[in-house]
There are 4 protein chains.
Amino acid sequence: MSEIQAFPSAVRVAQSWLARYRAVRAQSQALCAPLLPEDTVVQPMLDVSPPKWHLAHTTWFWETFLLKEYVPGYQLFHPEYAFLFNSYYNSLGSRVNRADRGTLSRPALADVLAYRAHVDAALEALLTETDELPTTFYELLELGLQHEQQHQELLATDIKYILSTSPLAPAYLAAESLLEGEEVEAVASGAAAWLAVPGGIHRIGFRETGFCFDNELAAHEVLLAPFELQNRLVTNAEYLAFMETGGYRDFRYWMGEGWDLAQAQGWEAPLYWMQKEGCWHRFTHHGLQALNPLAPVTHISFYEADAYANWAGARLLTEAEWETAARHFGASTAEGTWLESNVLDPQPVPADADPTACHQLLGDCWEWTYSAYHAYPGYQRAAGALGEYNGKFMVNQLVLRGGSCATPESHIRLSYRNFFHADKRWQFTGIRLARSLSE
Amino acid sequence: MSEIQAFPSAVRVAQSWLARYRAVRAQSQALCAPLLPEDTVVQPMLDVSPPKWHLAHTTWFWETFLLKEYVPGYQLFHPEYAFLFNSYYNSLGSRVNRADRGTLSRPALADVLAYRAHVDAALEALLTETDELPTTFYELLELGLQHEQQHQELLATDIKYILSTSPLAPAYLAAESLLEGEEVEAVASGAAAWLAVPGGIHRIGFRETGFCFDNELAAHEVLLAPFELQNRLVTNAEYLAFMETGGYRDFRYWMGEGWDLAQAQGWEAPLYWMQKEGCWHRFTHHGLQALNPLAPVTHISFYEADAYANWAGARLLTEAEWETAARHFGASTAEGTWLESNVLDPQPVPADADPTACHQLLGDCWEWTYSAYHAYPGYQRAAGALGEYNGKFMVNQLVLRGGSCATPESHIRLSYRNFFHADKRWQFTGIRLARSLSE
Amino acid sequence: MSEIQAFPSAVRVAQSWLARYRAVRAQSQALCAPLLPEDTVVQPMLDVSPPKWHLAHTTWFWETFLLKEYVPGYQLFHPEYAFLFNSYYNSLGSRVNRADRGTLSRPALADVLAYRAHVDAALEALLTETDELPTTFYELLELGLQHEQQHQELLATDIKYILSTSPLAPAYLAAESLLEGEEVEAVASGAAAWLAVPGGIHRIGFRETGFCFDNELAAHEVLLAPFELQNRLVTNAEYLAFMETGGYRDFRYWMGEGWDLAQAQGWEAPLYWMQKEGCWHRFTHHGLQALNPLAPVTHISFYEADAYANWAGARLLTEAEWETAARHFGASTAEGTWLESNVLDPQPVPADADPTACHQLLGDCWEWTYSAYHAYPGYQRAAGALGEYNGKFMVNQLVLRGGSCATPESHIRLSYRNFFHADKRWQFTGIRLARSLSE
Amino acid sequence: MSEIQAFPSAVRVAQSWLARYRAVRAQSQALCAPLLPEDTVVQPMLDVSPPKWHLAHTTWFWETFLLKEYVPGYQLFHPEYAFLFNSYYNSLGSRVNRADRGTLSRPALADVLAYRAHVDAALEALLTETDELPTTFYELLELGLQHEQQHQELLATDIKYILSTSPLAPAYLAAESLLEGEEVEAVASGAAAWLAVPGGIHRIGFRETGFCFDNELAAHEVLLAPFELQNRLVTNAEYLAFMETGGYRDFRYWMGEGWDLAQAQGWEAPLYWMQKEGCWHRFTHHGLQALNPLAPVTHISFYEADAYANWAGARLLTEAEWETAARHFGASTAEGTWLESNVLDPQPVPADADPTACHQLLGDCWEWTYSAYHAYPGYQRAAGALGEYNGKFMVNQLVLRGGSCATPESHIRLSYRNFFHADKRWQFTGIRLARSLSE
């Protein structure tokens, strides 16, 4: 069984476009370095894409949106790749059925890496040799970097799922225990504190400088009633209490569709939990690990998050509440355990953490909110293929906030809106409780 | 082919509980009077329930929630009926799989009518012979009446769907043309007017007296930006222009899931539309009818409503905007063509209607809003089985407002929240356009 | 619950074509007489067709193959009925999807009966008023009668299935007990006897006079090794022993596809068996009845028949063995309990039956053979639509022999080949054991 | 794209058990040598297993049936492998769902090769170091070799299917044209000759010395009517005439289930055929190749074979006819193009071939017969797990005879019975026409 010791070093914000491009592209490949070619091909469920596909699709994005547009006489690496590696852009023609991504052994990983090298050479030449490029080019360059980073998070979570399907429970990273005895004693083990946020008119959405996705705009005012939220995420120990008191067997806590799904699928615990010798373990990037009771519960669907909140006599936050609270408490990524931190599992709040502060807002688990992923007021789809990037998904999904341990740092910001269907569990999702306050 | 002339007279608000009970119960049976026993059994798609089932399920509701509780020694009509006619209450045990409702020929229609008579006798005796019943009883009585009326709307729309599946296109009501030549000339045929609503803090939710569902509470304040809306619903003629300019063939107008569904199902027009001798017709409760260009388009999914709005350079209202506008313009049911009006098809705005007023807000078509059906702030599920009435559906669906021509009058109110999944088309759903205004 | 006392009297072979036509047509309607309109509409599984459909489809056959051909200026009863009631004839155009037969409430039962009357009048006029009709006409007339009788057997078994789906277990015929105490004592209760049949060259296939289906031709010689068979069908008591010794839990007795299906469907007993107060009962045309241990086991798939035979250290007969044995022992329908006998459940061998004779060969249960339903040597499909009658089904099914208690008498003959897929259980199927003999 | 020149040399019958074992085991790995690790993982359809799985499953067979039984203290390579690599033996416990074989990236190919080495070392040691082993051991040894060779044919056909799914059409073997201009002129291009076989009592089944499978026993007599068969397989050119005259659009030639499937799947040609620049090509182990009109048509289902025969006014052989004819004409493997011949595509009859001889009986294409795969008279399932080897599949499939170009030589014999469901097309299947002769 292959167990790889070295996790690739983090991508820090680079000084130049060229340096950033190289760093981001290198990071995608570094994430796949611990894999065998066999691991890069399979698609054990529809939501998961083969790592080989992620490596090629991100490359196709550069070729399609930048090289074909801005490099005169650019030679496509292969004429069939546009069909093979288009994800969902109807504007750009037909494509491999999503469910069939895992049936294609060819092009091989080596061919995909050659594709990456071909595209990188062309794009680096463009950046190096051309003095003046139009503003639109730099906007697309930024989007390409952001897009590739989004796929890095998917790479991390898809790889986890792929390796989890084998009964051999192979480790992606060195199988050091994530739960050191000393550490456990050291972390805070008491109840979470409740922190109040005043009501009134607040402003949400992106209003900082730098990049944001179109779905974070327009920034706009919302009216909130006063509420309070817990100062940390729900822990494994707390979730275990829900399980042990029958949370998965009592429909009263559940949304109807969630209950039906949980029954049909036989859910009895979060994804990746299993009993071994009478103790709960979790499959992680580090192989099978004993449950750390103080770490945040993760890999739960919205249905489970909502049922837990009902069981606990609380509720989830709306996305407006979440963003308002995060701004109110000055959340920063300093504490987070995001992708660059090399851990790939959300960590407990340290024992010496300030009990009056609000922890784990950014970079630990994507927090399910009770807000549908809809367009903000004034949102406009972009023209052309990029109009399909965000807008067409704005129904039937829920917003998640805060970023996870698998999110690249530059994707963690107060206004960032992630979105998944209520049943999804393979992302690092978590729960934070809230309550309304009487005015 | 059976074609029934007489549509049952409307249920008006009664003076006493007994009179209201009798009137509501009679209305359900009157709706089934034009049917043959064969029509009452089938379930041509999952959303549709057999009329026989509706008649029995509403009766089961009275037996389960009122008679078993308040009539000492009440004798169940049949011990198996609780299994057969429970809809979705997990609290009340196992039940027939929803998809199998249309496979049960027994109990026969006559048995179901006997069941109704048995329960009616017991409930009427209770109302007649008992002087003082606890407040909870009257709350349940009110809920039972409301519940039965909700199933009356479903009866109307399910019957329509059932009859539509036969190539014989049988008429439920007398097949007078819904489109009289003179009438058509008389109705307003110009473009819709845009009416502005000021922004600011508005209050939505139920704050009147009388009955409301728990999902209309708590009334609460919302902050709205100024907007404008059209003074009538989108017409068949307008929708036809969307179709004829390729609306069903251009993915750019569509939500991704809607586009995929429309392709898979081969949608090219609203439900019930078909070409006949080169002209568009619609299947109606009156049989197949030529399209009335000035009547509101109906039987469209959220996906189609949203795609139409995108094509038209506009958008749908949110539910807060809808309720605010309806209150602002003093919407009333006076104009509406709801269930009691005996038409069962939404009608055009009359030619002499005030062009500065806002028409068709109540009792014409359920207007798709771009708001997820979520709990209002402070919403609490009731304890016991009735906690399953509304709360467990509060995810993955969209709110519809205003009531339709098939809605009982007392279910048409400014704060009423109806909800369906985005793909549903068998209800009388419609489109009203909106636009944001710069502040 | 409707419980009908009178079962229609049998159709005996008539003197004239007209009398036979009237008798056969009357029999189909008589079979539906105990039904409510509701019972005639539903299709609780794909193999079952609504009785209303059977009544109409058999009528469509007469209209399509005889009236349209031989009555100048014949007026179709309704132009849509050809689409609605074609079963599987590709030659005759498109048709209602088989799975949707149970979603059509219209045309109503009354309309179907009017359709029958219309066609009967035309056909009876033709028979009465025309002196000379071509031979082909009489061949089609015979086929039409045979076809309608095949649907009578399906009516009997489909009605049984339809009524069985209701938890109310309604009786189709008067609910007299099928198991009279005295009778039970009186029937033979010992082990079955083995009867030997010599090997050699035998002739199978139809060589008598009168009607046969094309699939019974050409009669041809087969070479058989000597074998023996049991002198009666396997009884419920014997099958219960298989069940109680784990027959449904031991894959070694089973064909692989049968085992997988039995696991997936949770089979633990024949179709229609259920435990009630600790005793096995069977749903029958007479309602729920206690198991008669001496009656033949029925409603079992080929997989169960084969597994039982393996468990018993025996095997099933091939169809050539079956026909050879039946001819050898001079099987006749005198003993059988076929459709005209008014019982609709296979009966035990009487206590005073000759123990050296071979019983229950004809008219009790269709006996699963271990022979694929393939064309006999020299078989030719007919030209035209009737070429689709038998030939296109000659793969992937197994032959059953002997006729059942639901088979019209004239469909019970030594060369008759019935055929079903190995998983089917809703027909009156049974088991007869065989063993090879050393030469 | 990897294109491998060297195809592994053939396995010839070895002098000793040890030499045979080594040769067979080497052959399996040689077949996978041209593959990339990515190719060994995927399962693009249910019938296809990943090559990695074949390599491991055959090894599991040796470990389970021989090493665990005959090597005292044998150490399993890995305790989970029995779960991972059991194919269908219920006797041996639970196993990976067949549909999920292609989702498991681990164990990696290298691990599987290590597993093979571990098992080979143990088995070779056993053969080398032990003088006397019981007869049963040698029977299992022979069965293990035969089993591994069966999987070699599956490896050849599964690899072909896997590579075919990529639009890149990668070649498994060096992409020399299979159709040399000169060769084509040289081969016989006339009509096939008809060769007669006399009727009477013939003997079929294995009666030679050496190994056979249990399903070839007992040899027994059959009675055949005289018939004639074509002296070669149906060619691509002949099949093209069927296609071009509407064979895929005329239901009259088809079995009903075949017609429905062909419509649902959109079949218009054999598997692997595609139009390119107006000409028919076939995907082969050598990449995409122009159609050779004189080569046998292959990769067709039973349904297509049967439809073709109907169109041609002929029929398929039964398996008894096939074996009788093959014995009558003294078929030998000398002509065949089986696995060891290094071509992996059926070849035309040479131009100088004897026109009065019967060609292509062995080692070209598996010939679909019109015989169900049932047990021969006297067949007994073996006790224990090996009783699941053949017996449990003996229903719902059809017999194929003769071996194909992908069959190992020692699996090509006159009595060999291969079997597939009527819809399967990914094996090298072909068509030989027959006709009955009047006696």
# chains A, B, ... in the order shown; residues from 1 in each chain; ligands from 1
>>> interface_residues(of="chain D", to="chain C", cutoff="10 Å", atoms="only C-alpha atoms", output="NGL selection string")
:D and (88-91 or 201 or 220-225 or 250-259 or 302-303 or 370-375 or 377-378 or 381 or 383-385 or 387-388 or 390-398 or 421-422 or 435-438)
>>> atom_distance(atom1="CA of Asp158 (chain C)", atom2="CA of Arg106 (chain C)")
19.5 Å
>>> select_by_dssp(residues="region 204-415 of chain B", states="alpha helix (DSSP H)", output="PyMOL selection string")
chain B and resi 236-244+256-265+302-311+319-328
>>> write_last_selection(atoms="N, CA and C atoms", output="mmCIF file, in the first residue's frame")
data_model
loop_
_atom_site.group_PDB
_atom_site.id
_atom_site.type_symbol
_atom_site.label_atom_id
_atom_site.label_comp_id
_atom_site.auth_asym_id
_atom_site.auth_seq_id
_atom_site.Cartn_x
_atom_site.Cartn_y
_atom_site.Cartn_z
ATOM 1 N N ASN B 236 -50.837 33.967 -22.847
ATOM 2 C CA ASN B 236 -50.499 32.914 -23.803
ATOM 3 C C ASN B 236 -49.820 33.479 -25.048
ATOM 4 N N ALA B 237 -50.285 34.614 -25.517
ATOM 5 C CA ALA B 237 -49.683 35.210 -26.708
ATOM 6 C C ALA B 237 -48.238 35.596 -26.447
ATOM 7 N N GLU B 238 -47.998 36.189 -25.288
ATOM 8 C CA GLU B 238 -46.619 36.568 -24.959
ATOM 9 C C GLU B 238 -45.730 35.330 -24.836
ATOM 10 N N TYR B 239 -46.277 34.293 -24.214
ATOM 11 C CA TYR B 239 -45.491 33.078 -24.031
ATOM 12 C C TYR B 239 -45.211 32.406 -25.381
ATOM 13 N N LEU B 240 -46.163 32.477 -26.261
ATOM 14 C CA LEU B 240 -45.987 31.920 -27.597
ATOM 15 C C LEU B 240 -44.832 32.618 -28.327
ATOM 16 N N ALA B 241 -44.694 33.913 -28.096
ATOM 17 C CA ALA B 241 -43.570 34.639 -28.714
ATOM 18 C C ALA B 241 -42.243 34.078 -28.196
ATOM 19 N N PHE B 242 -42.201 33.768 -26.912
ATOM 20 C CA PHE B 242 -41.006 33.142 -26.328
ATOM 21 C C PHE B 242 -40.732 31.805 -27.021
ATOM 22 N N MET B 243 -41.777 31.008 -27.174
ATOM 23 C CA MET B 243 -41.615 29.716 -27.831
ATOM 24 C C MET B 243 -41.139 29.880 -29.271
ATOM 25 N N GLU B 244 -41.753 30.827 -29.957
ATOM 26 C CA GLU B 244 -41.477 30.955 -31.388
ATOM 27 C C GLU B 244 -40.118 31.571 -31.676
ATOM 28 N N GLY B 256 -29.668 25.409 -15.037
ATOM 29 C CA GLY B 256 -29.052 24.189 -15.554
ATOM 30 C C GLY B 256 -29.923 22.955 -15.358
ATOM 31 N N GLU B 257 -30.486 22.794 -14.165
ATOM 32 C CA GLU B 257 -31.306 21.608 -13.925
ATOM 33 C C GLU B 257 -32.590 21.650 -14.744
ATOM 34 N N GLY B 258 -33.093 22.841 -14.958
ATOM 35 C CA GLY B 258 -34.287 22.988 -15.776
ATOM 36 C C GLY B 258 -34.015 22.650 -17.234
ATOM 37 N N TRP B 259 -32.882 23.109 -17.713
ATOM 38 C CA TRP B 259 -32.504 22.827 -19.100
ATOM 39 C C TRP B 259 -32.373 21.321 -19.322
ATOM 40 N N ASP B 260 -31.672 20.668 -18.421
ATOM 41 C CA ASP B 260 -31.469 19.223 -18.566
ATOM 42 C C ASP B 260 -32.812 18.490 -18.549
ATOM 43 N N LEU B 261 -33.693 18.910 -17.664
ATOM 44 C CA LEU B 261 -35.003 18.268 -17.580
ATOM 45 C C LEU B 261 -35.812 18.513 -18.848
ATOM 46 N N ALA B 262 -35.807 19.748 -19.309
ATOM 47 C CA ALA B 262 -36.582 20.085 -20.505
ATOM 48 C C ALA B 262 -36.093 19.269 -21.706
ATOM 49 N N GLN B 263 -34.767 19.081 -21.792
ATOM 50 C CA GLN B 263 -34.231 18.270 -22.885
ATOM 51 C C GLN B 263 -34.665 16.814 -22.732
ATOM 52 N N ALA B 264 -34.510 16.294 -21.501
ATOM 53 C CA ALA B 264 -34.811 14.878 -21.273
ATOM 54 C C ALA B 264 -36.288 14.589 -21.533
ATOM 55 N N GLN B 265 -37.156 15.539 -21.186
ATOM 56 C CA GLN B 265 -38.590 15.326 -21.326
ATOM 57 C C GLN B 265 -39.118 15.815 -22.672
ATOM 58 N N PHE B 302 -41.437 26.225 -12.647
ATOM 59 C CA PHE B 302 -40.597 27.365 -12.277
ATOM 60 C C PHE B 302 -39.528 27.581 -13.334
ATOM 61 N N TYR B 303 -38.971 26.476 -13.846
ATOM 62 C CA TYR B 303 -37.886 26.621 -14.822
ATOM 63 C C TYR B 303 -38.350 27.409 -16.035
ATOM 64 N N GLU B 304 -39.573 27.122 -16.482
ATOM 65 C CA GLU B 304 -40.089 27.842 -17.650
ATOM 66 C C GLU B 304 -40.411 29.294 -17.298
ATOM 67 N N ALA B 305 -40.982 29.503 -16.108
ATOM 68 C CA ALA B 305 -41.283 30.873 -15.679
ATOM 69 C C ALA B 305 -40.007 31.708 -15.630
ATOM 70 N N ASP B 306 -38.973 31.121 -15.056
ATOM 71 C CA ASP B 306 -37.702 31.822 -14.904
ATOM 72 C C ASP B 306 -37.053 32.062 -16.270
ATOM 73 N N ALA B 307 -37.114 31.056 -17.153
ATOM 74 C CA ALA B 307 -36.523 31.208 -18.493
ATOM 75 C C ALA B 307 -37.265 32.286 -19.268
ATOM 76 N N TYR B 308 -38.591 32.296 -19.128
ATOM 77 C CA TYR B 308 -39.376 33.335 -19.810
ATOM 78 C C TYR B 308 -38.945 34.723 -19.321
ATOM 79 N N ALA B 309 -38.821 34.853 -18.006
ATOM 80 C CA ALA B 309 -38.455 36.158 -17.449
ATOM 81 C C ALA B 309 -37.085 36.590 -17.959
ATOM 82 N N ASN B 310 -36.144 35.651 -18.016
ATOM 83 C CA ASN B 310 -34.813 36.002 -18.544
ATOM 84 C C ASN B 310 -34.906 36.447 -19.999
ATOM 85 N N TRP B 311 -35.680 35.706 -20.763
ATOM 86 C CA TRP B 311 -35.855 36.053 -22.172
ATOM 87 C C TRP B 311 -36.449 37.451 -22.326
ATOM 88 N N GLU B 319 -40.977 36.372 -2.747
ATOM 89 C CA GLU B 319 -42.283 36.328 -2.089
ATOM 90 C C GLU B 319 -42.533 37.571 -1.239
ATOM 91 N N ALA B 320 -41.464 38.142 -0.680
ATOM 92 C CA ALA B 320 -41.646 39.364 0.106
ATOM 93 C C ALA B 320 -42.097 40.510 -0.803
ATOM 94 N N GLU B 321 -41.516 40.582 -1.985
ATOM 95 C CA GLU B 321 -41.958 41.601 -2.938
ATOM 96 C C GLU B 321 -43.412 41.372 -3.351
ATOM 97 N N TRP B 322 -43.745 40.127 -3.600
ATOM 98 C CA TRP B 322 -45.111 39.841 -4.028
ATOM 99 C C TRP B 322 -46.116 40.283 -2.967
ATOM 100 N N GLU B 323 -45.868 39.891 -1.729
ATOM 101 C CA GLU B 323 -46.834 40.212 -0.680
ATOM 102 C C GLU B 323 -46.893 41.718 -0.440
ATOM 103 N N THR B 324 -45.726 42.347 -0.496
ATOM 104 C CA THR B 324 -45.686 43.804 -0.321
ATOM 105 C C THR B 324 -46.482 44.502 -1.434
ATOM 106 N N ALA B 325 -46.275 44.051 -2.677
ATOM 107 C CA ALA B 325 -46.996 44.657 -3.802
ATOM 108 C C ALA B 325 -48.493 44.399 -3.673
ATOM 109 N N ALA B 326 -48.856 43.175 -3.304
ATOM 110 C CA ALA B 326 -50.275 42.847 -3.221
ATOM 111 C C ALA B 326 -50.952 43.697 -2.149
ATOM 112 N N ARG B 327 -50.250 43.910 -1.046
ATOM 113 C CA ARG B 327 -50.812 44.772 0.003
ATOM 114 C C ARG B 327 -50.835 46.221 -0.473
ATOM 115 N N HIS B 328 -49.784 46.625 -1.160
ATOM 116 C CA HIS B 328 -49.670 48.005 -1.639
ATOM 117 C C HIS B 328 -50.816 48.334 -2.595
#
>>> select_by_dssp(residues="region 104-204 of chain C", states="strand (DSSP E)", output="list in words")
Trp194, Leu195, Ala196, Val197, Gly200, Ile201, His202, Arg203 and Ile204 of chain C
>>> closest_residue(among="D:Phe213, D:Trp60, D:Trp338, D:Phe83", to="Pro167 (chain A)", atoms="only C-alpha atoms")
D:Phe83
>>> residues_around(residues="Ala218 (chain C)", least_positions_apart="5", cutoff="10 Å", atoms="only C-alpha atoms", output="compact mmCIF listing (two decimals) with N, CA, C and O atoms, in the first residue's frame")
# COMPACT_ATOMS: atom_id res chain seq x y z
N ILE C 204 -43.60 -35.87 -31.15
CA ILE C 204 -44.33 -34.82 -30.42
C ILE C 204 -44.82 -33.77 -31.41
O ILE C 204 -44.39 -33.71 -32.56
N GLY C 205 -45.71 -32.93 -30.91
CA GLY C 205 -46.32 -31.91 -31.75
C GLY C 205 -47.71 -32.35 -32.14
O GLY C 205 -48.10 -33.50 -31.97
N PHE C 206 -48.43 -31.39 -32.66
CA PHE C 206 -49.84 -31.62 -32.97
C PHE C 206 -49.99 -32.52 -34.19
O PHE C 206 -49.46 -32.25 -35.25
N ARG C 207 -50.77 -33.61 -34.05
CA ARG C 207 -51.06 -34.47 -35.20
C ARG C 207 -52.51 -34.89 -35.17
O ARG C 207 -52.90 -35.78 -35.89
N ALA C 375 -38.60 -22.45 -31.53
CA ALA C 375 -39.38 -22.97 -32.66
C ALA C 375 -39.11 -24.46 -32.85
O ALA C 375 -37.98 -24.93 -32.69
N TYR C 376 -40.14 -25.18 -33.18
CA TYR C 376 -39.97 -26.57 -33.60
C TYR C 376 -39.29 -26.60 -34.98
O TYR C 376 -39.38 -25.61 -35.74
N PRO C 377 -38.65 -27.72 -35.32
CA PRO C 377 -38.06 -27.83 -36.66
C PRO C 377 -39.13 -27.55 -37.72
O PRO C 377 -40.25 -28.06 -37.63
N GLY C 378 -38.79 -26.75 -38.68
CA GLY C 378 -39.70 -26.48 -39.78
C GLY C 378 -40.72 -25.39 -39.50
O GLY C 378 -41.53 -25.05 -40.37
N TYR C 379 -40.67 -24.82 -38.30
CA TYR C 379 -41.62 -23.74 -37.97
C TYR C 379 -41.41 -22.55 -38.91
O TYR C 379 -40.28 -22.16 -39.18
N GLN C 380 -42.51 -21.96 -39.37
CA GLN C 380 -42.43 -20.75 -40.18
C GLN C 380 -43.38 -19.70 -39.61
O GLN C 380 -44.54 -20.00 -39.33
